[in-house]
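Chemist: The structure file my_file-v7.pdb (PDB, C-alpha atoms and all ligand atoms) is provided below.
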```
ATOM      1  CA  MET A   1       0.000   0.000   0.000
ATOM      2  CA  LYS A   2       1.287   3.445  -0.944
ATOM      3  CA  ALA A   3      -0.224   6.301   1.043
ATOM      4  CA  GLY A   4       0.336   9.941   1.902
ATOM      5  CA  PHE A   5      -1.165  13.414   2.101
ATOM      6  CA  VAL A   6      -1.968  16.552   0.157
ATOM      7  CA  GLN A   7      -1.136  19.673   2.202
ATOM      8  CA  PHE A   8      -2.571  22.855   0.728
ATOM      9  CA  THR A   9      -4.933  25.792   1.343
ATOM     10  CA  PRO A  10      -8.632  25.230   0.657
ATOM     11  CA  GLU A  11     -10.299  28.584  -0.062
ATOM     12  CA  LEU A  12     -12.906  29.654   2.498
ATOM     13  CA  CYS A  13     -16.434  29.395   1.036
ATOM     14  CA  ASN A  14     -15.109  29.081  -2.520
ATOM     15  CA  LEU A  15     -15.334  25.531  -3.849
ATOM     16  CA  ASP A  16     -14.369  26.583  -7.403
ATOM     17  CA  LYS A  17     -11.026  27.905  -6.227
ATOM     18  CA  THR A  18     -10.412  24.933  -3.917
ATOM     19  CA  LEU A  19     -11.086  22.434  -6.708
ATOM     20  CA  GLU A  20      -8.834  24.364  -9.087
ATOM     21  CA  ARG A  21      -5.945  24.162  -6.568
ATOM     22  CA  LEU A  22      -6.618  20.546  -5.697
ATOM     23  CA  GLU A  23      -6.832  19.427  -9.313
ATOM     24  CA  LYS A  24      -3.371  20.838 -10.054
ATOM     25  CA  LEU A  25      -1.887  19.100  -7.003
ATOM     26  CA  LEU A  26      -3.554  15.768  -7.758
ATOM     27  CA  ILE A  27      -2.408  15.791 -11.393
ATOM     28  CA  ASP A  28       1.210  16.049 -10.212
ATOM     29  CA  ALA A  29       0.799  13.716  -7.215
ATOM     30  CA  PRO A  30       2.956  10.573  -6.996
ATOM     31  CA  PRO A  31       1.094   7.286  -7.584
ATOM     32  CA  ALA A  32      -0.759   6.276  -4.406
ATOM     33  CA  ASP A  33      -3.425   3.888  -3.155
ATOM     34  CA  LEU A  34      -4.574   6.393  -0.539
ATOM     35  CA  LEU A  35      -4.206  10.144  -0.163
ATOM     36  CA  VAL A  36      -5.498  12.206   2.751
ATOM     37  CA  LEU A  37      -6.714  15.815   2.428
ATOM     38  CA  PRO A  38      -7.236  18.434   5.181
ATOM     39  CA  GLU A  39     -10.258  19.097   7.416
ATOM     40  CA  LEU A  40     -13.330  20.830   5.920
ATOM     41  CA  CYS A  41     -11.641  20.684   2.539
ATOM     42  CA  ASN A  42     -14.788  21.499   0.539
ATOM     43  CA  SER A  43     -15.561  24.650   2.543
ATOM     44  CA  GLY A  44     -12.579  26.103   4.405
ATOM     45  CA  TYR A  45     -12.534  26.325   8.195
ATOM     46  CA  ASN A  46     -12.931  29.666   9.956
ATOM     47  CA  PHE A  47     -16.495  30.691   9.053
ATOM     48  CA  PRO A  48     -17.535  34.187  10.187
ATOM     49  CA  THR A  49     -21.057  32.859  10.885
ATOM     50  CA  ARG A  50     -22.969  29.587  10.894
ATOM     51  CA  LYS A  51     -24.823  30.867   7.832
ATOM     52  CA  ASP A  52     -21.520  30.919   5.921
ATOM     53  CA  ALA A  53     -20.864  27.328   6.959
ATOM     54  CA  TRP A  54     -24.394  26.361   5.957
ATOM     55  CA  GLU A  55     -24.004  27.878   2.501
ATOM     56  CA  ALA A  56     -20.634  26.164   1.978
ATOM     57  CA  SER A  57     -21.864  22.775   3.217
ATOM     58  CA  GLU A  58     -22.959  19.919   0.957
ATOM     59  CA  GLU A  59     -25.050  16.800   1.312
ATOM     60  CA  ILE A  60     -23.058  13.647   0.711
ATOM     61  CA  SER A  61     -25.573  12.455  -1.882
ATOM     62  CA  ASP A  62     -25.383  15.712  -3.844
ATOM     63  CA  SER A  63     -21.799  16.959  -3.560
ATOM     64  CA  ARG A  64     -19.697  18.475  -6.323
ATOM     65  CA  PHE A  65     -16.657  17.920  -4.115
ATOM     66  CA  ILE A  66     -17.286  14.197  -3.615
ATOM     67  CA  ASN A  67     -18.074  13.762  -7.317
ATOM     68  CA  PHE A  68     -14.739  15.415  -8.139
ATOM     69  CA  LEU A  69     -12.879  13.066  -5.751
ATOM     70  CA  ALA A  70     -14.773  10.021  -7.041
ATOM     71  CA  ASP A  71     -13.848  10.880 -10.613
ATOM     72  CA  HIS A  72     -10.171  11.110  -9.647
ATOM     73  CA  CYS A  73     -10.315   7.851  -7.647
ATOM     74  CA  ARG A  74     -12.014   5.981 -10.476
ATOM     75  CA  LYS A  75      -9.441   7.150 -13.039
ATOM     76  CA  ASN A  76      -6.502   6.356 -10.738
ATOM     77  CA  ASN A  77      -7.911   3.277  -8.949
ATOM     78  CA  MET A  78      -7.267   4.760  -5.518
ATOM     79  CA  TYR A  79      -8.865   6.062  -2.310
ATOM     80  CA  ILE A  80      -9.023   9.596  -0.915
ATOM     81  CA  ALA A  81      -9.978  10.502   2.672
ATOM     82  CA  SER A  82     -10.975  14.130   3.035
ATOM     83  CA  GLY A  83     -12.454  16.539   5.500
ATOM     84  CA  PHE A  84     -15.987  17.486   4.455
ATOM     85  CA  CYS A  85     -18.465  20.134   5.619
ATOM     86  CA  GLU A  86     -21.565  17.941   5.700
ATOM     87  CA  ARG A  87     -25.176  19.067   5.701
ATOM     88  CA  ASP A  88     -27.776  16.548   6.854
ATOM     89  CA  GLY A  89     -31.298  17.903   7.306
ATOM     90  CA  PHE A  90     -30.893  21.063   9.399
ATOM     91  CA  LYS A  91     -27.642  19.868  10.968
ATOM     92  CA  LEU A  92     -24.034  20.432   9.991
ATOM     93  CA  TYR A  93     -21.259  17.961  10.758
ATOM     94  CA  ASN A  94     -17.496  18.371  10.566
ATOM     95  CA  SER A  95     -17.024  15.078   8.724
ATOM     96  CA  SER A  96     -14.443  13.069   6.871
ATOM     97  CA  VAL A  97     -15.420  11.086   3.822
ATOM     98  CA  LEU A  98     -13.693   8.105   2.264
ATOM     99  CA  VAL A  99     -14.026   7.984  -1.500
ATOM    100  CA  GLY A 100     -12.745   5.185  -3.741
ATOM    101  CA  PRO A 101     -12.910   3.773  -7.257
ATOM    102  CA  GLU A 102     -16.596   2.946  -6.656
ATOM    103  CA  GLY A 103     -17.354   6.450  -5.343
ATOM    104  CA  PHE A 104     -18.437   7.403  -1.817
ATOM    105  CA  THR A 105     -17.346   4.608   0.531
ATOM    106  CA  GLY A 106     -17.966   5.848   4.068
ATOM    107  CA  LYS A 107     -17.962   8.713   6.525
ATOM    108  CA  TYR A 108     -16.883   9.698  10.021
ATOM    109  CA  ARG A 109     -18.275  12.709  11.899
ATOM    110  CA  LYS A 110     -15.905  14.579  14.232
ATOM    111  CA  ILE A 111     -16.660  13.707  17.849
ATOM    112  CA  HIS A 112     -14.581  16.322  19.693
ATOM    113  CA  LEU A 113     -15.477  19.804  18.461
ATOM    114  CA  PHE A 114     -12.848  22.535  18.838
ATOM    115  CA  TYR A 115     -13.596  26.077  20.080
ATOM    116  CA  ASN A 116     -16.070  27.946  17.796
ATOM    117  CA  GLU A 117     -16.940  24.740  15.968
ATOM    118  CA  LYS A 118     -19.335  24.205  18.882
ATOM    119  CA  ASP A 119     -21.481  27.084  17.549
ATOM    120  CA  ILE A 120     -21.715  25.565  14.085
ATOM    121  CA  PHE A 121     -21.551  21.790  14.048
ATOM    122  CA  SER A 122     -23.323  18.953  15.795
ATOM    123  CA  ALA A 123     -21.012  16.466  17.492
ATOM    124  CA  GLY A 124     -20.370  13.235  15.616
ATOM    125  CA  ASP A 125     -23.006  10.523  15.941
ATOM    126  CA  VAL A 126     -21.759   7.696  13.735
ATOM    127  CA  GLY A 127     -19.220   6.204  16.136
ATOM    128  CA  LEU A 128     -15.755   5.183  15.034
ATOM    129  CA  PRO A 129     -15.996   3.103  11.849
ATOM    130  CA  VAL A 130     -13.177   1.201  10.131
ATOM    131  CA  PHE A 131     -13.609   0.565   6.412
ATOM    132  CA  GLN A 132     -12.192  -2.612   4.894
ATOM    133  CA  THR A 133     -10.912  -1.882   1.405
ATOM    134  CA  PRO A 134      -8.739  -3.817  -1.055
ATOM    135  CA  VAL A 135      -5.778  -1.586  -0.088
ATOM    136  CA  GLY A 136      -6.156  -1.953   3.703
ATOM    137  CA  ASN A 137      -8.390  -1.150   6.672
ATOM    138  CA  ILE A 138      -8.946   2.594   6.735
ATOM    139  CA  ALA A 139     -10.258   4.733   9.603
ATOM    140  CA  MET A 140     -10.657   8.492   9.976
ATOM    141  CA  LEU A 141     -10.361  11.070  12.751
ATOM    142  CA  VAL A 142     -10.654  14.843  12.466
ATOM    143  CA  CYS A 143      -8.154  17.316  13.884
ATOM    144  CA  PHE A 144      -8.889  17.962  17.616
ATOM    145  CA  ASP A 145      -9.753  14.284  18.018
ATOM    146  CA  TRP A 146      -5.951  13.959  18.322
ATOM    147  CA  MET A 147      -6.213  15.010  21.975
ATOM    148  CA  PHE A 148      -8.272  11.967  23.017
ATOM    149  CA  PRO A 149      -6.292   8.707  23.217
ATOM    150  CA  GLU A 150      -9.448   6.623  23.568
ATOM    151  CA  VAL A 151     -10.520   7.107  19.945
ATOM    152  CA  TRP A 152      -7.134   6.067  18.548
ATOM    153  CA  ARG A 153      -7.187   2.937  20.700
ATOM    154  CA  ILE A 154     -10.713   1.978  19.656
ATOM    155  CA  LEU A 155      -9.856   2.296  15.951
ATOM    156  CA  ALA A 156      -6.695   0.224  16.401
ATOM    157  CA  LEU A 157      -8.637  -2.445  18.315
ATOM    158  CA  LYS A 158     -11.169  -2.515  15.465
ATOM    159  CA  GLY A 159      -8.354  -3.415  13.070
ATOM    160  CA  ALA A 160      -7.450  -0.114  11.425
ATOM    161  CA  ASP A 161      -4.195  -0.314   9.465
ATOM    162  CA  VAL A 162      -4.091   3.410   8.837
ATOM    163  CA  ILE A 163      -5.817   6.295  10.597
ATOM    164  CA  CYS A 164      -6.407   9.231   8.282
ATOM    165  CA  HIS A 165      -6.338  12.385  10.387
ATOM    166  CA  THR A 166      -7.852  15.205   8.344
ATOM    167  CA  SER A 167      -6.796  18.432  10.046
ATOM    168  CA  ALA A 168      -6.804  22.226  10.289
ATOM    169  CA  LEU A 169      -4.415  22.471  13.223
ATOM    170  CA  VAL A 170      -3.786  25.792  14.926
ATOM    171  CA  LEU A 171      -2.073  24.948  18.259
ATOM    172  CA  PRO A 172       1.628  25.104  17.360
ATOM    173  CA  GLY A 173       3.123  21.630  16.968
ATOM    174  CA  PHE A 174       0.993  19.893  19.605
ATOM    175  CA  ALA A 175      -0.709  17.351  17.353
ATOM    176  CA  GLN A 176       2.366  16.938  15.157
ATOM    177  CA  ARG A 177       4.287  15.834  18.272
ATOM    178  CA  SER A 178       1.576  13.539  19.606
ATOM    179  CA  VAL A 179       0.628  11.747  16.386
ATOM    180  CA  PRO A 180       3.806   9.598  16.207
ATOM    181  CA  ILE A 181       3.099   8.539  19.804
ATOM    182  CA  HIS A 182      -0.483   7.529  18.960
ATOM    183  CA  ALA A 183       0.989   5.557  16.024
ATOM    184  CA  LEU A 184       3.565   3.875  18.264
ATOM    185  CA  ILE A 185       1.354   2.871  21.180
ATOM    186  CA  ASN A 186      -1.443   1.649  18.907
ATOM    187  CA  HIS A 187       0.934   0.176  16.318
ATOM    188  CA  VAL A 188      -0.848   1.760  13.342
ATOM    189  CA  TYR A 189       0.085   4.078  10.524
ATOM    190  CA  VAL A 190      -1.169   7.638  10.935
ATOM    191  CA  ILE A 191      -1.447  10.268   8.237
ATOM    192  CA  THR A 192      -2.109  13.766   9.551
ATOM    193  CA  ALA A 193      -3.040  15.906   6.549
ATOM    194  CA  ASN A 194      -2.947  19.466   7.791
ATOM    195  CA  ARG A 195      -3.688  22.631   5.890
ATOM    196  CA  THR A 196      -1.873  25.903   5.358
ATOM    197  CA  GLY A 197      -2.954  29.532   5.062
ATOM    198  CA  THR A 198      -4.729  32.089   7.243
ATOM    199  CA  GLU A 199      -8.492  32.705   7.544
ATOM    200  CA  HIS A 200      -9.793  35.746   9.458
ATOM    201  CA  GLY A 201      -6.684  35.899  11.658
ATOM    202  CA  LEU A 202      -6.407  32.145  12.252
ATOM    203  CA  THR A 203      -3.190  30.646  10.872
ATOM    204  CA  PHE A 204      -2.943  26.917  10.228
ATOM    205  CA  THR A 205       0.295  25.194  11.090
ATOM    206  CA  GLY A 206       1.003  22.824   8.155
ATOM    207  CA  MET A 207       3.699  20.250   9.032
ATOM    208  CA  SER A 208       1.515  17.387   7.846
ATOM    209  CA  THR A 209       2.939  14.168   9.241
ATOM    210  CA  VAL A 210       3.120  10.496   8.326
ATOM    211  CA  ALA A 211       4.020   8.210  11.245
ATOM    212  CA  SER A 212       4.811   4.488  11.213
ATOM    213  CA  PRO A 213       3.639   1.773  13.647
ATOM    214  CA  LYS A 214       7.099   2.116  15.234
ATOM    215  CA  GLY A 215       6.443   5.786  15.976
ATOM    216  CA  GLU A 216       8.884   6.961  13.333
ATOM    217  CA  VAL A 217       8.116  10.159  11.456
ATOM    218  CA  ILE A 218       8.281   8.949   7.861
ATOM    219  CA  CYS A 219       7.610  12.398   6.503
ATOM    220  CA  GLN A 220       6.838  15.844   7.843
ATOM    221  CA  ALA A 221       5.907  18.722   5.547
ATOM    222  CA  SER A 222       6.949  22.343   5.934
ATOM    223  CA  ALA A 223       4.775  24.857   7.777
ATOM    224  CA  ALA A 224       3.434  26.811   4.827
ATOM    225  CA  ALA A 225       4.028  25.203   1.395
ATOM    226  CA  ASP A 226       1.799  23.013  -0.745
ATOM    227  CA  GLU A 227       3.170  19.478  -0.448
ATOM    228  CA  VAL A 228       2.096  16.062  -1.694
ATOM    229  CA  CYS A 229       3.796  12.809  -0.749
ATOM    230  CA  ALA A 230       3.200   9.055  -0.754
ATOM    231  CA  PHE A 231       5.180   6.271   0.928
ATOM    232  CA  ASP A 232       5.132   2.468   1.061
ATOM    233  CA  PHE A 233       3.126   1.142   4.011
ATOM    234  CA  ASP A 234       3.927  -2.378   5.236
ATOM    235  CA  LEU A 235       0.646  -4.165   6.039
ATOM    236  CA  GLU A 236       2.470  -7.163   7.510
ATOM    237  CA  LEU A 237       4.267  -4.866   9.980
ATOM    238  CA  VAL A 238       1.110  -3.027  11.024
ATOM    239  CA  ARG A 239      -0.874  -6.235  11.571
ATOM    240  CA  ASN A 240       1.753  -7.879  13.776
ATOM    241  CA  LYS A 241       0.999  -6.516  17.256
ATOM    242  CA  MET A 242       3.755  -8.505  19.024
ATOM    243  CA  ILE A 243       6.196  -5.988  20.495
ATOM    244  CA  THR A 244       8.360  -8.724  22.105
ATOM    245  CA  PRO A 245       8.030 -12.492  21.634
ATOM    246  CA  ARG A 246       5.931 -12.466  24.858
ATOM    247  CA  ASN A 247       3.979  -9.212  24.502
ATOM    248  CA  HIS A 248       1.006  -8.646  22.238
ATOM    249  CA  ILE A 249      -0.007  -5.020  22.711
ATOM    250  CA  PHE A 250      -3.731  -5.807  22.568
ATOM    251  CA  ALA A 251      -3.816  -9.236  24.235
ATOM    252  CA  ASP A 252      -1.787  -7.820  27.152
ATOM    253  CA  ARG A 253      -4.387  -5.162  27.896
ATOM    254  CA  ARG A 254      -6.359  -5.433  31.177
ATOM    255  CA  PRO A 255      -9.688  -3.784  30.319
ATOM    256  CA  GLU A 256     -11.264  -5.154  33.511
ATOM    257  CA  LEU A 257      -8.942  -2.761  35.390
ATOM    258  CA  TYR A 258      -9.811   0.218  33.187
ATOM    259  CA  GLN A 259     -13.456   0.519  34.242
ATOM    260  CA  ASP A 260     -12.759   3.876  35.963
ATOM    261  CA  LEU A 261     -12.566   5.321  32.438
ATOM    262  CA  LEU A 262     -16.338   4.907  32.223
ATOM    263  CA  HIS A 263     -17.066   6.832  35.427
ATOM    264  CA  LEU A 264     -14.378   9.460  36.113
TER     265      LEU A 264
HETATM  266  C1  LIG V   1      -9.207  21.748  15.058
HETATM  267  O1  LIG V   1      -9.814  20.826  15.591
HETATM  268  N1  LIG V   1      -9.469  22.137  13.833
HETATM  269  C2  LIG V   1      -8.161  22.466  15.793
END
```
Please go through the file and, once you have read it, give me the structure as structure tokens.

Modeler:
Amino acid sequence: MKAGFVQFTPELCNLDKTLERLEKLLIDAPPADLLVLPELCNSGYNFPTRKDAWEASEEISDSRFINFLADHCRKNNMYIASGFCERDGFKLYNSSVLVGPEGFTGKYRKIHLFYNEKDIFSAGDVGLPVFQTPVGNIAMLVCFDWMFPEVWRILALKGADVICHTSALVLPGFAQRSVPIHALINHVYVITANRTGTEHGLTFTGMSTVASPKGEVICQASAAADEVCAFDFDLELVRNKMITPRNHIFADRRPELYQDLLHL
């Protein structure tokens, strides 16, 4: 499996401009089975009002953005995981969508909303799915979810090979430092696809990161440039959870002693 990220600047509330930028980057992208794009890629992030977010949002079943991704995935026989401003009825969700050669494949809705997102989006209500695909088992988290170790663990326990972390990170370096640790202690690949640019005074921190199941940083982008990369992922490595001949990182867990997590 070859996988990586596209780091760039989606244009706030301007899908035409975003698609124009993305198309150029995807045309020049290295061959990949999976690419990850930033959070809220079809809309931009820092909406002045909820009305702006509403107008920029799309329904999954009627989305120019998803149709564009599906077209690219069909032509290149690949998958793309992308942040997506999702409208469903009267609600908005800060979602990630997985799109593949057959089109829309699945979605995740961000569980942990960050700062002003709480005024705009409903919290995720579709749990923590893992999608089995011919290229590997793919899961998604969105940006501030990085702060909550429970969600990484659940996805790893459900068999995720790679966690696609669609992001618009603003706290300097925090997530970029923690992601390799999540990868190490859950023995999964993580792709944090962050964005660049500034919207209404909010600057995004770039430094998109790919981390291996050994916690190694395979690649880290610069803070501000457009960057696209793809690397070989070793599915045999990620599926072998033995960390010594006598320690399986999941079988050695003691969930009966972790019950406080449910109450504290
Ligand atoms: C974030 O969750 N976009 C910081």

Chemist: Just so the selection is clear, what residues does the PyMOL selection byres (((not hetatm)) within 7 of (chain V and resi 1)) cover here, as a PDB file with C-alpha atoms, in the coordinates of the input?

Modeler:
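Output file part16.pdb follows:
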```pdb
ATOM      1  CA  LEU A 113     -15.477  19.804  18.461  1.00  0.00           C
ATOM      2  CA  PHE A 114     -12.848  22.535  18.838  1.00  0.00           C
ATOM      3  CA  VAL A 142     -10.654  14.843  12.466  1.00  0.00           C
ATOM      4  CA  CYS A 143      -8.154  17.316  13.884  1.00  0.00           C
ATOM      5  CA  PHE A 144      -8.889  17.962  17.616  1.00  0.00           C
ATOM      6  CA  ASP A 145      -9.753  14.284  18.018  1.00  0.00           C
ATOM      7  CA  SER A 167      -6.796  18.432  10.046  1.00  0.00           C
ATOM      8  CA  ALA A 168      -6.804  22.226  10.289  1.00  0.00           C
ATOM      9  CA  LEU A 169      -4.415  22.471  13.223  1.00  0.00           C
ATOM     10  CA  VAL A 170      -3.786  25.792  14.926  1.00  0.00           C
TER      11      VAL A 170
END
```

Chemist: What gap, in Å, lies between CA of Ala81 (chain A) and CA of Phe47 (chain A)?

Modeler: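 Those two atoms sit 22.2 Å apart.
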
Chemist: Nearest to Val217 (chain A): which of A:Leu202, A:Leu26, A:Val179, A:Ile249 is it, counting all atoms listed in the file?

Modeler: A:Val179

Chemist: Padding 8 Å on each side, edges along x, y and z: where is the centre of the box around the listed atoms of region 193-206 of chain A, and how long are its edges in Å to one decimal? Output it as AutoDock Vina command-line options.

Modeler:
```
--center_x -4.4 --center_y 25.9 --center_z 8.7 --size_x 26.8 --size_y 36.0 --size_z 23.2
```

Chemist: (-0.6, 18.5, 5.0) in this file's frame - what residues fall within 10 Å of it? Use all atoms listed in the file and give the answer as a VMD selection string.

Modeler: chain A and resid 4 to 9 36 to 39 165 to 169 191 to 196 205 to 210 220 to 229

Chemist: Can you work out the spacing between CA of Glu58 (chain A) and CA of Val151 (chain A) in Å, to one decimal?

Modeler: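 Spanning CA of Glu58 (chain A) to CA of Val151 (chain A) is a straight-line distance of 26.1 Å.
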
Chemist: When you count all atoms listed in the file, which of these residues is closest to Glu236 (chain A): A:Ile27, A:Ala251, A:Val188, A:Ile80?

Modeler: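 For Glu236 (chain A), the nearest of the candidates is A:Val188.
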
Chemist: Please provide the set of residues having any atom within 8 Å of Pro180 (chain A), restricted to all atoms listed in the file, with same-chain residues fewer than 6 positions apart removed, written as number ranges by chain.

Modeler: A: 190, 210-212, 215-217

Chemist: For the residues in the current selection, export C-alpha atoms as a PDB file, keeping the file's coordinate frame.

Modeler:
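Once written, out.pdb looks like this:
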```pdb
ATOM      1  CA  VAL A 190      -1.169   7.638  10.935  1.00  0.00           C
ATOM      2  CA  VAL A 210       3.120  10.496   8.326  1.00  0.00           C
ATOM      3  CA  ALA A 211       4.020   8.210  11.245  1.00  0.00           C
ATOM      4  CA  SER A 212       4.811   4.488  11.213  1.00  0.00           C
ATOM      5  CA  GLY A 215       6.443   5.786  15.976  1.00  0.00           C
ATOM      6  CA  GLU A 216       8.884   6.961  13.333  1.00  0.00           C
ATOM      7  CA  VAL A 217       8.116  10.159  11.456  1.00  0.00           C
TER       8      VAL A 217
END
```

Chemist: Around the point (-22.7, 31.0, 10.3), in the coordinates given by the file, pick out the residues reaching within 12 Å, counting all atoms listed in the file, and return them as a PyMOL selection string.

Modeler: chain A and resi 13+45-57+92+116-121

Chemist: CA of Met1 (chain A) and CA of His72 (chain A) are how many Å apart?

Modeler: 17.9 Å
